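Enquirer: Would you mind keeping the following structure in view while I ask a few things?
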Amino acid sequence: MLLGDSYHPGGTALTRRLVDGLALTPDARVLDVASGRGTTALLLADGYGCRVDGVDYAAANTVRARG
């Protein structure tokens, strides 16, 4: 599924389903590997209040995610 300019398999609906099964709390910490532009990291931080650290191989993605 194309979200903005990035691919996110399953979209945010699938991400929410997976995260709901984990029962994340605001004190949870998540590592998003291959985070791209931060779509999942932002969803988790904004929607679930947890702390998310994202890493990606492409420097351009990291720069966009910080923006």
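By order of appearance in the structure tokens: chains A, B, ..., then residues from 1 within every chain, and ligands from 1 in the order shown.
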Give me the residues near Leu24 in chain A as a ChimeraX atom specification, where near means some atom within 9 Å (using only C-alpha atoms) and where sequence neighbours in that chain fewer than 2 positions away do not count.

Expert: /A:19-22,26-29,44,48-50

Enquirer: List as a PyMOL selection string the protein and nucleic acid residues near Ala58 in chain A, meaning an atom at most 10 Å away when only C-alpha atoms are counted, but skip any in the same chain fewer than 2 places from it.

Expert: chain A and resi 34-37+55-56+60-63

Enquirer: Would you mind reading off the distance between CA of Asp46 in chain A and CA of Pro9 in chain A, one decimal, in Å?

Expert: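 Spanning CA of Asp46 in chain A to CA of Pro9 in chain A is a straight-line distance of 19.7 Å.
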
Enquirer: Of the residues A:Leu31, A:Ala23, A:Gly47, A:Thr40, which is the one nearest to Gly11 in chain A, using only C-alpha atoms?

Expert: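 The answer is A:Thr40, which sits nearest to Gly11 in chain A.
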
Enquirer: Quote the spacing between CA of Ala13 in chain A and CA of Arg66 in chain A in Å to one decimal place.

Expert: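 We find that CA of Ala13 in chain A and CA of Arg66 in chain A lie 23.3 Å from each other.
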
Enquirer: Residues of range 9-61 of chain A in helix (DSSP H, G or I) according to DSSP, as a list of chain:residue names?

Expert: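 DSSP-assigned helix (DSSP H, G or I) residues in range 9-61 of chain A: A:Gly11, A:Thr12, A:Ala13, A:Leu14, A:Thr15, A:Arg16, A:Arg17, A:Leu18, A:Val19, A:Asp20, A:Gly21, A:Leu22, A:Thr39, A:Thr40, A:Ala41, A:Leu42, A:Leu43, A:Leu44, A:Ala45, A:Asp46, A:Gly47, A:Tyr48, A:Ala59, A:Ala60, A:Asn61.
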
Enquirer: For N, CA and C atoms, I'd like the residues from the last selection saved as a JSON list (two decimals), in the first residue's frame.

Expert:
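Output (again-v6.json):
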```json
[["chain", "number", "residue", "atom", "x", "y", "z"],
["A", 11, "GLY", "N", -0.42, -1.46, 5.30],
["A", 11, "GLY", "CA", -0.93, -0.17, 5.71],
["A", 11, "GLY", "C", -1.03, -0.01, 7.22],
["A", 12, "THR", "N", -1.54, 1.12, 7.62],
["A", 12, "THR", "CA", -1.63, 1.40, 9.05],
["A", 12, "THR", "C", -2.67, 0.53, 9.74],
["A", 13, "ALA", "N", -3.66, 0.03, 9.01],
["A", 13, "ALA", "CA", -4.66, -0.85, 9.63],
["A", 13, "ALA", "C", -3.99, -2.12, 10.16],
["A", 14, "LEU", "N", -3.11, -2.72, 9.36],
["A", 14, "LEU", "CA", -2.40, -3.92, 9.81],
["A", 14, "LEU", "C", -1.46, -3.61, 10.97],
["A", 15, "THR", "N", -0.79, -2.48, 10.89],
["A", 15, "THR", "CA", 0.11, -2.07, 11.97],
["A", 15, "THR", "C", -0.66, -1.93, 13.27],
["A", 16, "ARG", "N", -1.81, -1.27, 13.23],
["A", 16, "ARG", "CA", -2.63, -1.09, 14.43],
["A", 16, "ARG", "C", -3.09, -2.44, 14.99],
["A", 17, "ARG", "N", -3.46, -3.35, 14.11],
["A", 17, "ARG", "CA", -3.89, -4.69, 14.56],
["A", 17, "ARG", "C", -2.76, -5.42, 15.28],
["A", 18, "LEU", "N", -1.57, -5.35, 14.72],
["A", 18, "LEU", "CA", -0.41, -6.00, 15.33],
["A", 18, "LEU", "C", -0.07, -5.36, 16.67],
["A", 19, "VAL", "N", -0.09, -4.04, 16.71],
["A", 19, "VAL", "CA", 0.27, -3.33, 17.93],
["A", 19, "VAL", "C", -0.78, -3.56, 19.02],
["A", 20, "ASP", "N", -2.03, -3.60, 18.66],
["A", 20, "ASP", "CA", -3.09, -3.86, 19.65],
["A", 20, "ASP", "C", -2.87, -5.22, 20.30],
["A", 21, "GLY", "N", -2.38, -6.18, 19.55],
["A", 21, "GLY", "CA", -2.09, -7.50, 20.10],
["A", 21, "GLY", "C", -0.92, -7.49, 21.07],
["A", 22, "LEU", "N", -0.05, -6.50, 20.94],
["A", 22, "LEU", "CA", 1.10, -6.39, 21.85],
["A", 22, "LEU", "C", 0.74, -5.65, 23.13],
["A", 39, "THR", "N", 6.91, 6.25, 9.09],
["A", 39, "THR", "CA", 5.46, 6.07, 9.13],
["A", 39, "THR", "C", 5.02, 5.27, 10.35],
["A", 40, "THR", "N", 5.63, 4.11, 10.56],
["A", 40, "THR", "CA", 5.25, 3.27, 11.69],
["A", 40, "THR", "C", 5.68, 3.90, 13.01],
["A", 41, "ALA", "N", 6.87, 4.45, 13.05],
["A", 41, "ALA", "CA", 7.37, 5.07, 14.28],
["A", 41, "ALA", "C", 6.45, 6.20, 14.73],
["A", 42, "LEU", "N", 6.02, 7.02, 13.80],
["A", 42, "LEU", "CA", 5.12, 8.13, 14.15],
["A", 42, "LEU", "C", 3.76, 7.62, 14.60],
["A", 43, "LEU", "N", 3.26, 6.59, 13.94],
["A", 43, "LEU", "CA", 1.98, 6.00, 14.34],
["A", 43, "LEU", "C", 2.05, 5.48, 15.77],
["A", 44, "LEU", "N", 3.12, 4.77, 16.10],
["A", 44, "LEU", "CA", 3.27, 4.21, 17.44],
["A", 44, "LEU", "C", 3.43, 5.31, 18.50],
["A", 45, "ALA", "N", 4.24, 6.30, 18.19],
["A", 45, "ALA", "CA", 4.48, 7.38, 19.16],
["A", 45, "ALA", "C", 3.22, 8.22, 19.37],
["A", 46, "ASP", "N", 2.57, 8.59, 18.28],
["A", 46, "ASP", "CA", 1.37, 9.44, 18.37],
["A", 46, "ASP", "C", 0.15, 8.68, 18.87],
["A", 47, "GLY", "N", -0.04, 7.47, 18.37],
["A", 47, "GLY", "CA", -1.25, 6.73, 18.68],
["A", 47, "GLY", "C", -1.22, 5.92, 19.96],
["A", 48, "TYR", "N", -0.01, 5.55, 20.40],
["A", 48, "TYR", "CA", 0.11, 4.68, 21.57],
["A", 48, "TYR", "C", 0.96, 5.29, 22.67],
["A", 59, "ALA", "N", 20.31, 7.19, 4.32],
["A", 59, "ALA", "CA", 20.40, 8.47, 5.04],
["A", 59, "ALA", "C", 19.27, 9.42, 4.64],
["A", 60, "ALA", "N", 18.84, 9.38, 3.40],
["A", 60, "ALA", "CA", 17.76, 10.27, 2.95],
["A", 60, "ALA", "C", 16.47, 9.99, 3.71],
["A", 61, "ASN", "N", 16.19, 8.71, 3.99],
["A", 61, "ASN", "CA", 14.99, 8.37, 4.76],
["A", 61, "ASN", "C", 15.09, 8.89, 6.19]]
```

Enquirer: I need the strand (DSSP E or B) residues of chain A per DSSP on the backbone, written as a count of residues only.

Expert: 14
